[in-house]
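Enquirer: Here it is, the structure in full.
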Amino acid sequence: QEVCECYLVLSSFHLLVLSVDHRNKAFVYEGLLPLAGMHLREIASAISHTFEISGPMTESRLVCCQNSADLDMWVQHLQHQIKMANAHCPVSPSNDISFLVPCDEPWKKRELMRHLWCNTILKWEGKPIQHLGRIQYLTMVQVAGGCVGASEERLLILFPEDLLFLSVDKDRTAITYKGKLPLTGIQAKEKPAVLGRLQFEIAGILTEPILVTCSTAEDYEKCLFYLQK
């Protein structure tokens, strides 16, 4: 495991991690960890003052404090802020999703974006969603992969550099990660209208073609706009 000197900055909903570049006398950004859903565990040791932090969207990290007083202070403050963050942005399945999906109105899209920032996304992979940049567009679509793939409901989210797919369970209580594609490696092509369907195809060298069906003309036009620009 890599060990480095770091500074922690605790805010209401996140823990900022900064390493130190002594040569250039500068801080280096190492991550912004969401407190909602975070777990904290003290590591019993007579020679080190260590605690572990982990979460559904973050890798486990060991934090070694300089002394027992610092350890007690960080554990106390972190436990308090984690509790507050969970109360404000609950990580347990929430009925709030049920009236946000389908996100067919602007206010629902805005609230769903906020929900994604604060709540756990099951089976998440890679860097936290907060690191992907500002959400450019979000909508619910039907996707089908391959030539005879069955159509499935997906939450399609466009970021500056990535296209994210999420699923919502049938009870509308949980959101699950289903994959992410870099925009530089894909192309979106319009499909001929069939029985009034608003469809386009996403293709790339490293991915099989994905047929996307939108429910409204606005979603169709905006998805193509962001994917083709």
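Ligands are numbered from 1 in the order shown, chains are lettered A, B, ... in the order of the structure tokens, and residues start at 1 in each chain.
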Do a neighbour search on Met140 in chain A at 7 Å with only C-alpha atoms, toss out local chain neighbours closer than 3 positions, and write the hits as a list in words.

Expert: Pro102, Cys103, Arg154, Leu155 and Leu156 of chain A

Enquirer: Keeping only N, CA and C atoms, write the selected residues to a file as an mmCIF file, in the first residue's frame.

Expert:
```
data_model
loop_
_atom_site.group_PDB
_atom_site.id
_atom_site.type_symbol
_atom_site.label_atom_id
_atom_site.label_comp_id
_atom_site.auth_asym_id
_atom_site.auth_seq_id
_atom_site.Cartn_x
_atom_site.Cartn_y
_atom_site.Cartn_z
ATOM 1 N N PRO A 102 -40.468 8.416 -13.813
ATOM 2 C CA PRO A 102 -39.582 8.959 -14.855
ATOM 3 C C PRO A 102 -39.376 10.460 -14.683
ATOM 4 N N CYS A 103 -38.184 10.918 -15.028
ATOM 5 C CA CYS A 103 -37.832 12.333 -14.860
ATOM 6 C C CYS A 103 -38.332 13.120 -16.073
ATOM 7 N N ARG A 154 -33.158 2.572 -18.762
ATOM 8 C CA ARG A 154 -31.917 3.077 -18.216
ATOM 9 C C ARG A 154 -32.015 4.581 -17.984
ATOM 10 N N LEU A 155 -31.317 5.022 -16.958
ATOM 11 C CA LEU A 155 -31.133 6.443 -16.717
ATOM 12 C C LEU A 155 -29.854 6.839 -17.439
ATOM 13 N N LEU A 156 -29.983 7.714 -18.439
ATOM 14 C CA LEU A 156 -28.843 8.149 -19.247
ATOM 15 C C LEU A 156 -28.390 9.516 -18.747
#
```

Enquirer: As a ChimeraX atom specification, please: every residue in range 7-106 of chain A that DSSP puts in alpha helix (DSSP H).

Expert: /A:68-88,106

Enquirer: Have a look at CA of Ser68 in chain A and CA of Tyr29 in chain A and let me know their distance in Å, one decimal.

Expert: 26.2 Å

Enquirer: I'd like the contact shell of Phe200 in chain A - 6 Å cut-off, only C-alpha atoms, skipping same-chain residues fewer than 5 positions apart - returned as a list in words.

Expert: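 Listing them by chain and then by number gives Lys189, Glu190, Lys191 and Val212 of chain A.
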
Enquirer: Within 9 Å of Val168 in chain A, counting only C-alpha atoms, which residues show up once you throw out same-chain ones fewer than 4 positions away? Write them as number ranges by chain, please.

Expert: A: 97, 101, 153-155, 172-176

Enquirer: From a DSSP calculation on the backbone, collect every residue of range 39-99 of chain A in strand (DSSP E) and output the set as a list in words.

Expert: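 Filtering range 39-99 of chain A down to strand (DSSP E) leaves His39, Leu40, Arg41, Glu42, Ile43, His49, Thr50, Phe51, Glu52, Ile53, Ser54, Gly55, Thr58, Glu59, Ser60, Arg61, Leu62, Val63, Cys64 and Cys65 of chain A.
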
Enquirer: With only C-alpha atoms as the counted atoms, please give the residues lying no more than 7 Å from range 11-20 of chain A, apart from itself and same-chain residues fewer than 4 positions off, as a PyMOL selection string.

Expert: chain A and resi 4-7+26-36+81+85

Enquirer: Please dump the current selection as a CSV table (one decimal), in the first residue's frame; keep C-alpha atoms.

Expert:
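Generated file (part-v4.csv):
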```
chain,number,residue,atom,x,y,z
A,4,CYS,CA,1.8,9.5,1.8
A,5,GLU,CA,1.5,12.6,3.9
A,6,CYS,CA,-1.9,14.1,3.5
A,7,TYR,CA,-4.1,16.9,4.9
A,26,ALA,CA,2.0,22.8,-3.1
A,27,PHE,CA,-1.0,20.7,-2.3
A,28,VAL,CA,-2.1,18.0,-4.7
A,29,TYR,CA,-5.8,17.0,-5.0
A,30,GLU,CA,-6.3,13.3,-4.0
A,31,GLY,CA,-10.0,13.1,-3.8
A,32,LEU,CA,-13.4,14.4,-2.5
A,33,LEU,CA,-15.1,11.7,-0.5
A,34,PRO,CA,-18.9,11.8,0.2
A,35,LEU,CA,-19.7,11.5,3.9
A,36,ALA,CA,-23.1,10.1,3.2
A,81,GLN,CA,-20.6,14.9,10.2
A,85,ALA,CA,-24.8,13.9,6.1
```

Enquirer: Write out as a list of chain:residue names the residues lying within 12 Å of Glu111 in chain A, counting only C-alpha atoms and excluding same-chain residues fewer than 2 positions away.

Expert: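 Surrounding residues, per the criterion: A:Asp96, A:Ile97, A:Ser98, A:Phe99, A:Leu100, A:Val101, A:Pro102, A:Cys103, A:Asp104, A:Glu105, A:Pro106, A:Trp107, A:Lys108, A:Lys109, A:Met113, A:Arg114, A:His115, A:Leu116, A:Trp117, A:Cys118, A:Asn119, A:Leu138.
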
Enquirer: Take the residues just selected and output them with N, CA and C atoms as a compact mmCIF listing (two decimals), in the first residue's frame.

Expert:
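result.txt, freshly written:
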```txt
# COMPACT_ATOMS: atom_id res chain seq x y z
N ASP A 96 -38.17 8.80 -2.18
CA ASP A 96 -38.06 10.02 -2.97
C ASP A 96 -37.88 9.71 -4.45
N ILE A 97 -37.22 8.61 -4.77
CA ILE A 97 -36.96 8.27 -6.17
C ILE A 97 -38.27 7.98 -6.90
N SER A 98 -39.25 7.47 -6.19
CA SER A 98 -40.48 7.03 -6.84
C SER A 98 -41.20 8.15 -7.56
N PHE A 99 -41.14 9.37 -7.02
CA PHE A 99 -41.83 10.46 -7.72
C PHE A 99 -40.88 11.29 -8.58
N LEU A 100 -39.62 10.90 -8.64
CA LEU A 100 -38.67 11.57 -9.53
C LEU A 100 -38.49 10.81 -10.83
N VAL A 101 -38.91 9.54 -10.85
CA VAL A 101 -38.76 8.70 -12.03
C VAL A 101 -40.14 8.25 -12.50
N PRO A 102 -40.47 8.42 -13.81
CA PRO A 102 -39.58 8.96 -14.86
C PRO A 102 -39.38 10.46 -14.68
N CYS A 103 -38.18 10.92 -15.03
CA CYS A 103 -37.83 12.33 -14.86
C CYS A 103 -38.33 13.12 -16.07
N ASP A 104 -39.63 13.28 -16.15
CA ASP A 104 -40.27 13.87 -17.33
C ASP A 104 -40.59 15.35 -17.16
N GLU A 105 -40.13 15.96 -16.08
CA GLU A 105 -40.31 17.39 -15.87
C GLU A 105 -39.00 17.99 -15.39
N PRO A 106 -38.74 19.27 -15.72
CA PRO A 106 -37.46 19.89 -15.35
C PRO A 106 -37.15 19.80 -13.87
N TRP A 107 -38.16 20.01 -12.99
CA TRP A 107 -37.88 19.98 -11.56
C TRP A 107 -37.50 18.59 -11.10
N LYS A 108 -38.04 17.55 -11.76
CA LYS A 108 -37.68 16.18 -11.40
C LYS A 108 -36.22 15.90 -11.79
N LYS A 109 -35.82 16.40 -12.94
CA LYS A 109 -34.44 16.22 -13.37
C LYS A 109 -33.48 16.87 -12.38
N MET A 113 -30.77 14.87 -10.08
CA MET A 113 -29.34 15.19 -10.11
C MET A 113 -28.81 15.35 -8.68
N ARG A 114 -29.55 16.09 -7.87
CA ARG A 114 -29.15 16.30 -6.48
C ARG A 114 -29.11 14.96 -5.73
N HIS A 115 -30.10 14.12 -5.98
CA HIS A 115 -30.15 12.81 -5.34
C HIS A 115 -28.91 11.98 -5.67
N LEU A 116 -28.47 12.02 -6.93
CA LEU A 116 -27.32 11.24 -7.35
C LEU A 116 -26.04 11.72 -6.69
N TRP A 117 -25.93 13.04 -6.46
CA TRP A 117 -24.74 13.58 -5.81
C TRP A 117 -24.63 13.12 -4.36
N CYS A 118 -25.77 12.98 -3.69
CA CYS A 118 -25.76 12.77 -2.23
C CYS A 118 -25.96 11.32 -1.81
N ASN A 119 -26.49 10.48 -2.68
CA ASN A 119 -26.87 9.14 -2.27
C ASN A 119 -26.03 8.05 -2.92
N LEU A 138 -29.77 14.76 -18.39
CA LEU A 138 -30.20 13.53 -17.73
C LEU A 138 -31.60 13.18 -18.21
```

Enquirer: Which residue out of A:Cys223, A:Gly185, A:Arg110, A:Ser48 has the minimum interatomic distance to Leu206 in chain A when only C-alpha atoms are used?

Expert: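 Distance minimum relative to Leu206 in chain A lands on A:Gly185.
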
Enquirer: Extract, using only C-alpha atoms, all DNA, RNA and protein residues at most 12 Å from Ile205 in chain A, discarding same-chain residues fewer than 5 positions from it, and format them as a ChimeraX atom specification.

Expert: /A:181-187

Enquirer: At what distance in Å, to one decimal, does CA of Ile157 in chain A lie from CA of Gly37 in chain A?

Expert: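 CA of Gly37 in chain A sits 22.1 Å away from CA of Ile157 in chain A.
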
Enquirer: In Å, rounded to a single decimal, give me how far CA of Leu227 in chain A is from CA of Cys214 in chain A.

Expert: 14.0 Å

Enquirer: Which is closest to Glu59 in chain A among A:Leu158, A:Val141, A:Ile202, A:Met38, if we use only C-alpha atoms?

Expert: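 Nearest to Glu59 in chain A: A:Met38.
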
Enquirer: Measuring atom to atom with only C-alpha atoms, identify which of A:Arg197, A:Tyr226, A:Tyr177, A:Lys127 is nearest to Phe159 in chain A.

Expert: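 When distances to Phe159 in chain A are compared using only C-alpha atoms, the smallest one comes from A:Tyr226.
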